[in-house]
$ cat my_file_4.csv   # CSV, C-alpha atoms
chain,number,residue,atom,x,y,z
A,1,MET,CA,-3.2,42.2,67.0
A,2,THR,CA,-0.2,43.4,64.9
A,3,LEU,CA,-0.3,43.6,61.1
A,4,MET,CA,2.2,40.7,60.8
A,5,THR,CA,0.0,38.5,63.0
A,6,MET,CA,-3.0,39.4,60.8
A,7,LEU,CA,-1.1,38.5,57.6
A,8,GLY,CA,0.0,35.2,59.2
A,9,ALA,CA,-3.6,34.4,60.0
A,10,VAL,CA,-4.8,35.1,56.5
A,11,GLN,CA,-2.1,32.9,55.0
A,12,LEU,CA,-2.9,30.1,57.4
A,13,GLY,CA,-6.6,30.4,56.5
A,14,ALA,CA,-5.8,30.4,52.8
A,15,ALA,CA,-3.7,27.3,53.2
A,16,ALA,CA,-6.4,25.5,55.2
A,17,ALA,CA,-9.0,26.5,52.6
A,18,CYS,CA,-6.8,25.1,49.8
A,19,VAL,CA,-6.4,21.8,51.7
A,20,VAL,CA,-10.2,21.6,52.4
A,21,VAL,CA,-11.5,22.9,49.1
A,22,VAL,CA,-8.8,21.6,46.6
A,23,LEU,CA,-6.5,19.0,47.9
A,24,ILE,CA,-9.0,16.8,49.8
A,25,PRO,CA,-11.5,16.6,46.9
A,26,MET,CA,-8.6,15.9,44.5
A,27,VAL,CA,-7.4,13.1,46.7
A,28,MET,CA,-10.9,11.6,46.9
A,29,ALA,CA,-11.4,12.0,43.1
A,30,GLY,CA,-8.0,10.4,42.5
A,31,TRP,CA,-9.0,7.4,44.7
A,32,HIS,CA,-12.2,6.9,42.7
A,33,LEU,CA,-10.4,7.5,39.3
A,34,SER,CA,-7.7,5.1,40.2
A,35,ARG,CA,-10.3,2.4,39.9
A,36,ASN,CA,-10.8,3.3,36.3
A,37,ARG,CA,-7.5,3.9,34.4
A,38,MET,CA,-9.1,5.6,31.5
A,39,LEU,CA,-10.9,8.1,33.7
A,40,LEU,CA,-7.6,8.6,35.7
A,41,TYR,CA,-5.6,9.4,32.5
A,42,CYS,CA,-8.3,11.8,31.3
A,43,GLY,CA,-8.5,13.5,34.7
A,44,VAL,CA,-4.8,14.0,34.9
A,45,LEU,CA,-4.6,15.3,31.3
A,46,PHE,CA,-7.5,17.8,32.0
A,47,ILE,CA,-5.9,19.1,35.2
A,48,THR,CA,-2.5,19.4,33.6
A,49,LEU,CA,-3.9,21.4,30.6
A,50,ALA,CA,-6.0,23.6,32.9
A,51,VAL,CA,-3.0,24.4,35.1
A,52,CYS,CA,-0.8,25.2,32.1
A,53,LEU,CA,-3.6,27.4,30.6
A,54,HIS,CA,-4.0,29.4,33.7
A,55,LEU,CA,-0.3,29.8,34.6
A,56,THR,CA,0.9,30.7,31.1
A,57,PRO,CA,0.0,34.4,31.3
A,58,TYR,CA,2.1,34.7,34.5
A,59,PHE,CA,5.3,33.3,33.0
A,60,PRO,CA,6.5,35.5,30.1
A,61,SER,CA,9.1,32.9,29.0
A,62,VAL,CA,6.3,30.4,28.6
A,63,SER,CA,4.2,32.8,26.6
A,64,ASP,CA,7.2,33.7,24.4
A,65,PHE,CA,7.8,30.0,23.9
A,66,VAL,CA,4.2,29.4,22.8
A,67,THR,CA,4.3,32.4,20.5
A,68,SER,CA,7.6,31.3,19.0
A,69,VAL,CA,6.3,27.8,18.3
A,70,SER,CA,3.2,29.2,16.7
A,71,SER,CA,5.4,31.5,14.5
A,72,VAL,CA,7.6,28.5,13.5
A,73,VAL,CA,4.5,26.6,12.5
A,74,VAL,CA,3.1,29.5,10.4
A,75,PHE,CA,6.5,30.0,8.8
A,76,ASP,CA,6.9,26.3,8.0
A,77,HIS,CA,3.4,26.3,6.4
A,78,ARG,CA,4.4,29.2,4.2
A,79,SER,CA,7.8,27.6,3.3
A,80,THR,CA,6.0,24.3,2.5
A,81,CYS,CA,3.5,26.0,0.2
A,82,ILE,CA,6.1,28.0,-1.6
A,83,ASN,CA,7.9,24.7,-2.3
A,84,LEU,CA,4.7,23.1,-3.6
A,85,VAL,CA,3.3,26.0,-5.7
A,86,ASN,CA,5.0,24.8,-8.9
A,87,ASP,CA,3.4,21.3,-8.7
A,88,ILE,CA,1.2,21.5,-11.8
A,89,ALA,CA,-0.6,18.5,-13.4
A,90,TRP,CA,-1.5,18.6,-17.0
A,91,GLU,CA,-4.3,17.0,-19.1
A,92,VAL,CA,-3.6,17.2,-22.8
A,93,LYS,CA,-6.0,15.6,-25.2
A,94,PRO,CA,-7.2,16.0,-28.9
A,95,ASN,CA,-9.3,19.1,-29.5
A,96,VAL,CA,-12.7,17.7,-30.3
A,97,SER,CA,-13.9,21.2,-31.4
A,98,LEU,CA,-11.8,20.8,-34.5
A,99,HIS,CA,-14.2,18.4,-36.0
A,100,HIS,CA,-16.1,21.5,-37.2
A,101,PHE,CA,-13.0,23.4,-38.2
A,102,ASN,CA,-13.3,25.3,-41.5
A,103,PRO,CA,-9.7,25.9,-42.9
A,104,THR,CA,-11.0,28.6,-45.3
A,105,ASN,CA,-12.0,30.8,-42.5
A,106,ASN,CA,-9.3,30.1,-39.8
A,107,VAL,CA,-5.6,29.6,-39.5
A,108,LEU,CA,-4.8,26.3,-37.9
A,109,SER,CA,-1.8,26.0,-35.7
A,110,SER,CA,-0.4,22.6,-34.6
A,111,LEU,CA,-0.9,23.9,-31.0
A,112,ASN,CA,-4.6,24.1,-31.6
A,113,LEU,CA,-4.8,20.3,-32.3
A,114,TYR,CA,-4.8,19.6,-28.5
A,115,GLU,CA,-6.8,20.9,-25.6
A,116,LYS,CA,-4.7,21.7,-22.6
A,117,ARG,CA,-5.9,21.9,-19.0
A,118,TRP,CA,-4.0,22.2,-15.8
A,119,ASP,CA,-4.4,22.3,-12.1
A,120,TRP,CA,-2.3,21.9,-9.0
A,121,SER,CA,-1.5,18.3,-7.9
A,122,LYS,CA,-3.8,16.7,-5.4
A,123,SER,CA,-2.6,15.7,-2.0
A,124,PRO,CA,-3.4,16.6,1.6
A,125,LYS,CA,-0.3,19.0,1.6
A,126,HIS,CA,-1.4,20.7,-1.6
A,127,ASP,CA,-5.0,21.0,-0.4
A,128,ALA,CA,-3.8,22.6,2.9
A,129,CYS,CA,-2.1,25.4,0.8
A,130,ASP,CA,-5.5,26.2,-0.9
A,131,PHE,CA,-3.9,27.1,-4.3
A,132,GLN,CA,-6.4,28.9,-6.5
A,133,LYS,CA,-6.7,30.2,-10.1
A,134,LEU,CA,-7.2,33.9,-9.6
A,135,SER,CA,-9.8,35.7,-11.6
A,136,LYS,CA,-9.3,39.1,-13.3
A,137,SER,CA,-10.9,40.7,-10.3
A,138,ASP,CA,-8.7,38.8,-7.8
A,139,ALA,CA,-5.5,39.5,-9.7
A,140,SER,CA,-6.4,43.2,-10.0
A,141,ASP,CA,-7.0,43.5,-6.3
A,142,LEU,CA,-3.7,41.8,-5.5
A,143,LEU,CA,-1.6,43.9,-7.9
A,144,ASN,CA,-3.5,47.2,-7.3
A,145,GLY,CA,-1.2,50.1,-7.2
A,146,SER,CA,1.9,47.9,-7.9
A,147,TRP,CA,4.9,48.5,-10.1
A,148,VAL,CA,5.7,45.2,-11.9
A,149,VAL,CA,8.9,44.7,-13.8
A,150,ILE,CA,9.4,41.6,-16.1
A,151,ALA,CA,12.8,41.3,-17.6
A,152,GLY,CA,14.3,38.7,-19.9
A,153,ASP,CA,14.0,37.1,-23.4
A,154,SER,CA,11.0,35.8,-25.4
A,155,GLN,CA,10.0,33.6,-22.4
A,156,ALA,CA,9.5,36.7,-20.3
A,157,ARG,CA,7.6,38.4,-23.2
A,158,PHE,CA,5.1,35.5,-23.3
A,159,PHE,CA,4.8,35.7,-19.5
A,160,THR,CA,4.1,39.5,-19.8
A,161,LEU,CA,1.4,38.8,-22.4
A,162,SER,CA,-0.3,36.2,-20.2
A,163,LEU,CA,-0.3,38.6,-17.2
A,164,LEU,CA,-1.9,41.4,-19.2
A,165,ASN,CA,-4.4,39.0,-20.7
A,166,LEU,CA,-5.5,38.2,-17.2
A,167,ILE,CA,-5.5,41.8,-15.9
A,168,LEU,CA,-7.1,43.4,-19.0
A,169,GLY,CA,-9.1,40.4,-20.3
A,170,PRO,CA,-8.2,38.6,-23.5
A,171,GLN,CA,-11.1,40.2,-25.4
A,172,ALA,CA,-10.2,43.8,-24.3
A,173,LYS,CA,-9.9,46.2,-27.2
A,174,ARG,CA,-6.5,47.2,-25.9
A,175,MET,CA,-5.0,43.7,-26.2
A,176,GLY,CA,-4.5,44.0,-30.0
A,177,SER,CA,-2.3,47.0,-29.7
A,178,VAL,CA,-0.6,45.5,-26.6
A,179,ARG,CA,0.4,42.4,-28.5
A,180,ALA,CA,1.7,44.5,-31.4
A,181,ASP,CA,3.8,46.8,-29.2
A,182,LEU,CA,5.0,44.1,-26.8
A,183,PHE,CA,6.3,41.9,-29.6
A,184,LYS,CA,8.3,44.5,-31.4
A,185,ARG,CA,11.7,42.9,-32.0
A,186,HIS,CA,14.2,43.3,-29.2
A,187,SER,CA,12.5,46.3,-27.5
A,188,ASP,CA,11.2,47.3,-24.1
A,189,TYR,CA,7.6,47.9,-23.4
A,190,SER,CA,5.6,49.8,-20.7
A,191,ILE,CA,1.9,50.1,-19.9
A,192,LEU,CA,-0.1,51.8,-17.1
A,193,VAL,CA,-3.3,50.0,-16.2
A,194,HIS,CA,-5.3,53.1,-15.0
A,195,GLU,CA,-8.2,51.1,-13.6
A,196,ILE,CA,-6.0,49.6,-10.8
A,197,GLY,CA,-3.0,52.0,-10.9
A,198,MET,CA,-0.6,49.2,-11.9
A,199,LYS,CA,2.5,50.1,-13.9
A,200,LEU,CA,4.1,47.2,-15.8
A,201,ASP,CA,7.5,47.4,-17.5
A,202,PHE,CA,8.9,44.7,-19.8
A,203,VAL,CA,12.7,45.0,-20.2
A,204,TRP,CA,14.3,43.2,-23.1
A,205,ALA,CA,17.2,41.4,-21.3
A,206,PRO,CA,18.3,38.3,-23.1
A,207,TYR,CA,21.6,37.9,-21.1
A,208,VAL,CA,22.0,37.6,-17.4
A,209,VAL,CA,24.4,40.6,-17.4
A,210,ASN,CA,21.5,42.7,-18.7
A,211,LEU,CA,19.5,41.6,-15.6
A,212,THR,CA,22.4,42.5,-13.4
A,213,ASN,CA,22.6,46.0,-15.0
A,214,SER,CA,18.8,46.5,-14.4
A,215,MET,CA,19.3,45.6,-10.7
A,216,MET,CA,22.1,48.0,-10.3
A,217,GLY,CA,20.0,50.7,-12.0
A,218,PHE,CA,17.3,50.3,-9.4
A,219,LYS,CA,19.9,50.5,-6.7
A,220,THR,CA,21.4,53.7,-8.2
A,221,LYS,CA,18.0,55.4,-8.5
A,222,LYS,CA,16.9,54.0,-5.1
A,223,SER,CA,13.6,53.1,-6.8
A,224,TYR,CA,12.5,49.5,-6.6
A,225,PRO,CA,9.5,47.6,-8.2
A,226,ASP,CA,7.0,45.8,-6.0
A,227,VAL,CA,7.3,42.7,-8.1
A,228,MET,CA,10.1,41.7,-10.4
A,229,VAL,CA,10.1,38.6,-12.6
A,230,MET,CA,13.4,37.9,-14.4
A,231,GLY,CA,15.0,35.1,-16.4
A,232,ALA,CA,17.6,34.5,-19.1
A,233,GLY,CA,19.6,31.7,-20.5
A,234,LEU,CA,18.4,30.6,-24.0
A,235,TRP,CA,20.3,33.4,-25.8
A,236,HIS,CA,23.4,32.7,-23.8
A,237,MET,CA,23.2,29.0,-24.6
A,238,LEU,CA,22.9,29.7,-28.3
A,239,HIS,CA,25.3,32.6,-28.8
A,240,VAL,CA,27.9,32.0,-26.0
A,241,ASN,CA,27.4,28.3,-25.3
A,242,ASN,CA,29.5,28.2,-22.1
A,243,ALA,CA,27.9,26.9,-18.9
A,244,SER,CA,30.8,28.0,-16.7
A,245,ASN,CA,30.4,31.6,-18.0
A,246,TYR,CA,26.7,31.4,-17.4
A,247,ASP,CA,27.3,30.2,-13.8
A,248,PHE,CA,29.6,33.2,-13.2
A,249,ALA,CA,27.0,35.6,-14.6
A,250,LEU,CA,24.3,34.1,-12.3
A,251,ARG,CA,26.6,34.5,-9.3
A,252,MET,CA,27.1,38.2,-10.2
A,253,LEU,CA,23.4,38.6,-10.5
A,254,LYS,CA,22.8,37.1,-7.1
A,255,ASN,CA,25.4,39.4,-5.5
A,256,SER,CA,23.6,42.4,-7.0
A,257,VAL,CA,20.2,41.2,-5.8
A,258,VAL,CA,21.5,40.5,-2.3
A,259,SER,CA,23.2,44.0,-2.1
A,260,LEU,CA,19.9,45.6,-3.1
A,261,LEU,CA,17.7,43.8,-0.5
A,262,PRO,CA,19.1,45.4,2.7
A,263,LEU,CA,18.5,48.9,1.3
A,264,THR,CA,14.8,48.0,1.0
A,265,ALA,CA,14.5,46.5,4.5
A,266,SER,CA,13.0,49.6,6.1
A,267,ALA,CA,9.6,50.7,7.2
A,268,SER,CA,9.3,53.2,4.3
A,269,ILE,CA,10.5,50.9,1.5
A,270,LYS,CA,9.2,47.4,1.1
A,271,SER,CA,11.4,44.6,-0.1
A,272,PRO,CA,10.4,43.6,-3.7
A,273,HIS,CA,9.0,40.2,-4.4
A,274,LEU,CA,11.5,38.5,-6.7
A,275,PHE,CA,10.9,35.6,-9.1
A,276,TRP,CA,13.1,33.7,-11.5
A,277,LEU,CA,11.5,32.5,-14.7
A,278,GLY,CA,13.1,29.2,-15.5
A,279,MET,CA,14.1,28.0,-18.9
A,280,PRO,CA,11.8,25.6,-20.7
A,281,MET,CA,12.7,22.0,-21.6
A,282,LEU,CA,14.1,22.0,-25.1
A,283,ILE,CA,13.0,19.2,-27.5
A,284,ASN,CA,16.1,19.0,-29.7
A,285,GLY,CA,14.5,17.2,-32.6
A,286,MET,CA,11.9,20.0,-33.0
A,287,LEU,CA,14.4,22.9,-33.0
A,288,ASN,CA,14.2,24.7,-36.3
A,289,THR,CA,17.9,25.2,-37.2
A,290,GLN,CA,20.9,23.0,-37.2
A,291,GLU,CA,22.8,25.5,-35.1
A,292,LYS,CA,20.2,25.3,-32.4
A,293,ARG,CA,20.2,21.5,-32.5
A,294,GLU,CA,24.0,21.4,-32.0
A,295,LYS,CA,24.4,24.2,-29.4
A,296,MET,CA,21.2,23.5,-27.5
A,297,SER,CA,21.6,19.8,-27.0
A,298,ASP,CA,20.3,17.9,-23.9
A,299,ARG,CA,23.8,17.7,-22.5
A,300,ILE,CA,24.4,21.5,-22.7
A,301,TRP,CA,20.9,22.3,-21.4
A,302,HIS,CA,21.5,20.2,-18.3
A,303,ALA,CA,24.9,21.9,-17.8
A,304,TYR,CA,23.1,25.2,-17.8
A,305,ASP,CA,20.5,23.9,-15.4
A,306,ARG,CA,23.2,22.7,-13.0
A,307,SER,CA,24.8,26.2,-13.2
A,308,LEU,CA,21.5,27.7,-12.0
A,309,GLY,CA,21.5,25.4,-9.0
A,310,ASP,CA,25.2,25.9,-8.2
A,311,SER,CA,24.7,29.7,-8.3
A,312,ARG,CA,22.4,29.5,-5.3
A,313,LEU,CA,20.2,32.2,-6.8
A,314,LEU,CA,17.0,30.4,-6.1
A,315,ARG,CA,15.1,30.4,-2.8
A,316,GLN,CA,15.3,26.5,-2.7
A,317,THR,CA,19.1,26.7,-2.6
A,318,GLY,CA,19.2,29.5,-0.1
A,319,GLY,CA,19.0,32.4,-2.5
A,320,PRO,CA,16.6,35.4,-2.8
A,321,LEU,CA,14.5,34.4,-5.9
A,322,VAL,CA,11.3,32.2,-6.0
A,323,LEU,CA,11.4,29.9,-9.0
A,324,LEU,CA,8.6,29.9,-11.6
A,325,ASP,CA,9.4,26.4,-12.8
A,326,ILE,CA,8.8,26.6,-16.5
A,327,GLN,CA,11.0,23.5,-16.9
A,328,SER,CA,8.6,21.2,-15.1
A,329,MET,CA,5.6,22.8,-16.7
A,330,THR,CA,6.9,22.3,-20.2
A,331,TRP,CA,8.2,18.8,-19.4
A,332,ASN,CA,4.8,17.7,-18.1
A,333,CYS,CA,2.8,19.4,-20.9
A,334,GLY,CA,5.2,17.8,-23.5
A,335,PRO,CA,5.8,18.1,-27.2
A,336,ARG,CA,2.1,18.6,-27.9
A,337,CYS,CA,2.4,22.1,-26.3
A,338,THR,CA,5.2,23.4,-28.6
A,339,SER,CA,5.6,23.9,-32.3
A,340,ASP,CA,9.3,24.5,-32.4
A,341,GLY,CA,10.7,22.7,-29.4
A,342,MET,CA,11.5,26.0,-27.6
A,343,HIS,CA,8.5,28.3,-27.5
A,344,TYR,CA,5.5,26.9,-25.9
A,345,ASP,CA,1.7,27.4,-25.9
A,346,LEU,CA,0.5,30.4,-24.0
A,347,VAL,CA,-1.3,28.2,-21.5
A,348,ILE,CA,2.2,27.4,-20.0
A,349,TYR,CA,2.8,31.0,-19.2
A,350,GLU,CA,-0.8,31.4,-18.0
A,351,ALA,CA,-0.1,28.7,-15.5
A,352,ALA,CA,3.2,30.4,-14.5
A,353,VAL,CA,1.3,33.7,-13.9
A,354,GLN,CA,-1.0,31.9,-11.5
A,355,VAL,CA,1.9,30.3,-9.7
A,356,MET,CA,3.4,33.7,-9.2
A,357,LEU,CA,0.1,35.2,-8.0
A,358,ASN,CA,-0.3,32.4,-5.5
A,359,ALA,CA,3.3,32.8,-4.3
A,360,LEU,CA,2.5,36.5,-3.8
A,361,LEU,CA,-0.5,35.6,-1.7
A,362,ILE,CA,1.6,33.3,0.5
A,363,GLU,CA,4.5,35.8,0.9
A,364,SER,CA,2.2,38.7,1.7
A,365,HIS,CA,0.1,36.7,4.2
A,366,GLN,CA,-3.1,37.3,2.2
A,367,SER,CA,-5.9,35.0,1.1
A,368,LEU,CA,-8.8,35.4,-1.2

$ encode --input "my_file_4.csv" --output "structure tokens"
Amino acid sequence: MTLMTMLGAVQLGAAAACVVVVLIPMVMAGWHLSRNRMLLYCGVLFITLAVCLHLTPYFPSVSDFVTSVSSVVVFDHRSTCINLVNDIAWEVKPNVSLHHFNPTNNVLSSLNLYEKRWDWSKSPKHDACDFQKLSKSDASDLLNGSWVVIAGDSQARFFTLSLLNLILGPQAKRMGSVRADLFKRHSDYSILVHEIGMKLDFVWAPYVVNLTNSMMGFKTKKSYPDVMVMGAGLWHMLHVNNASNYDFALRMLKNSVVSLLPLTASASIKSPHLFWLGMPMLINGMLNTQEKREKMSDRIWHAYDRSLGDSRLLRQTGGPLVLLDIQSMTWNCGPRCTSDGMHYDLVIYEAAVQVMLNALLIESHQSL
């Protein structure tokens, strides 16, 4: 018997076995299942899934398709959570602890009259993102060994203070000197948190052009922070008062950021995490000078806000920066969270810090 004859016999035997062992039982089972539609549908579904499961490894295109669909689902989840991370709900109520307040021993601020609590909005989508308020330990682990740069005006200064409050602890002996040094008028500030190897630089940058210069400085030195938070607009609104000029400055900033990013897209240099610290809502009637009330009106504020959207600087409009939405936080907290209509209670910036940390967890594929 030749080899070809033997192979033919083997193939014929395999076909016969397939008919006897597989096809005939399936036909018989189908006949019985046809008498019960529910069983028939379940049987067909089971067989289809079983065949697909066993054949997928043998068809690379199918495997690639399944992998690509899985990747799209994961990406969509991340994108959805980034879009939801600023959804903060506030509870502001009278501070009952002030019933025992002794004015001879304490200084009472109007901000102390109300107790402010916040949390992420509740919905199935928000719950799926599992947003959390990070503790000192969690935040320290996340930022361990990082170089953090925060650049901007007084809003950025408050944000810096809130981040250091979390990392060092509000009762830490160092915080007294940190506050004094950080709030020196119109100056930069740097600190190295030795315990976690985190370097933090605050850069006084009240105008967008200052932010652009900082970005170009990183590019020139080929040295980039791991995390950068930036934001400016209030000084421009007060001293320049030209929304079109602000729009142009934002577009220049976007160009400088985009030109920086490709240089960091290598295995040796990670792309920095970039955030935009939005402007707060201004309560015109509470602003403390006539000049501010005239130049920082609701109409002008909204013109500046439109310029930010038109510049496409933010991720939500196709840009590179994730928004820390101080506007919505201050709007929802309301006038009981500010004493001058512009600078808000520190709890606003504490919430913004937690928003940033949760966004970092999402973008770096980490969880607590």

$ atom_distance --input "my_file_4.csv" --atom1 "atom CA of A:Tyr207" --atom2 "atom CA of A:Gly152"
7.4 Å

$ atom_distance --input "my_file_4.csv" --atom1 "atom CA of A:Ala359" --atom2 "atom CA of A:Tyr344"
22.5 Å

$ atom_distance --input "my_file_4.csv" --atom1 "atom CA of A:Gly231" --atom2 "atom CA of A:Ser137"
27.2 Å

$ residues_around --input "my_file_4.csv" --residues "A:Trp147" --least-positions-apart "5" --cutoff "10 Å" --atoms "all atoms listed in the file" --output "list in words"
Leu192, Gly197, Met198, Lys199, Leu200, Asp201, Tyr224, Pro225, Asp226, Val227, Met228 and Pro272 of chain A

$ residues_around --input "my_file_4.csv" --residues "stretch 278-286 of chain A" --least-positions-apart "2" --cutoff "10 Å" --atoms "all atoms listed in the file" --output "VMD selection string"
chain A and resid 155 to 156 230 to 234 275 to 276 288 to 290 292 to 298 301 to 302 304 to 305 308 323 to 332 334 to 335 338 to 344 348

$ closest_residue --input "my_file_4.csv" --among "A:Leu163, A:Met252, A:Leu143, A:Ile196" --to "A:Ala352" --atoms "all atoms listed in the file"
A:Leu163

$ closest_residue --input "my_file_4.csv" --among "A:Leu321, A:Val209, A:Leu360, A:Val240" --to "A:Leu261" --atoms "all atoms listed in the file"
A:Leu321

$ residues_around --input "my_file_4.csv" --residues "A:Ser311" --least-positions-apart "4" --cutoff "7 Å" --atoms "all atoms listed in the file" --output "number ranges by chain"
A: 247, 250-251, 307

$ residues_around --input "my_file_4.csv" --residues "A:Tyr114" --least-positions-apart "5" --cutoff "8 Å" --atoms "all atoms listed in the file" --output "ChimeraX atom specification"
/A:92-95,336-337

$ closest_residue --input "my_file_4.csv" --among "A:Ala249, A:Val347, A:Leu287, A:Val355" --to "A:Leu84" --atoms "only C-alpha atoms"
A:Val355

$ closest_residue --input "my_file_4.csv" --among "A:Ser177, A:Asn165, A:Ser256, A:Ser271" --to "A:Asn210" --atoms "only C-alpha atoms"
A:Ser256

$ residues_around --input "my_file_4.csv" --residues "A:Ala351" --least-positions-apart "3" --cutoff "12 Å" --atoms "only C-alpha atoms" --output "PyMOL selection string"
chain A and resi 85-90+116-120+131-134+158-159+162-163+166+324-326+328-330+333+344-348+354-358
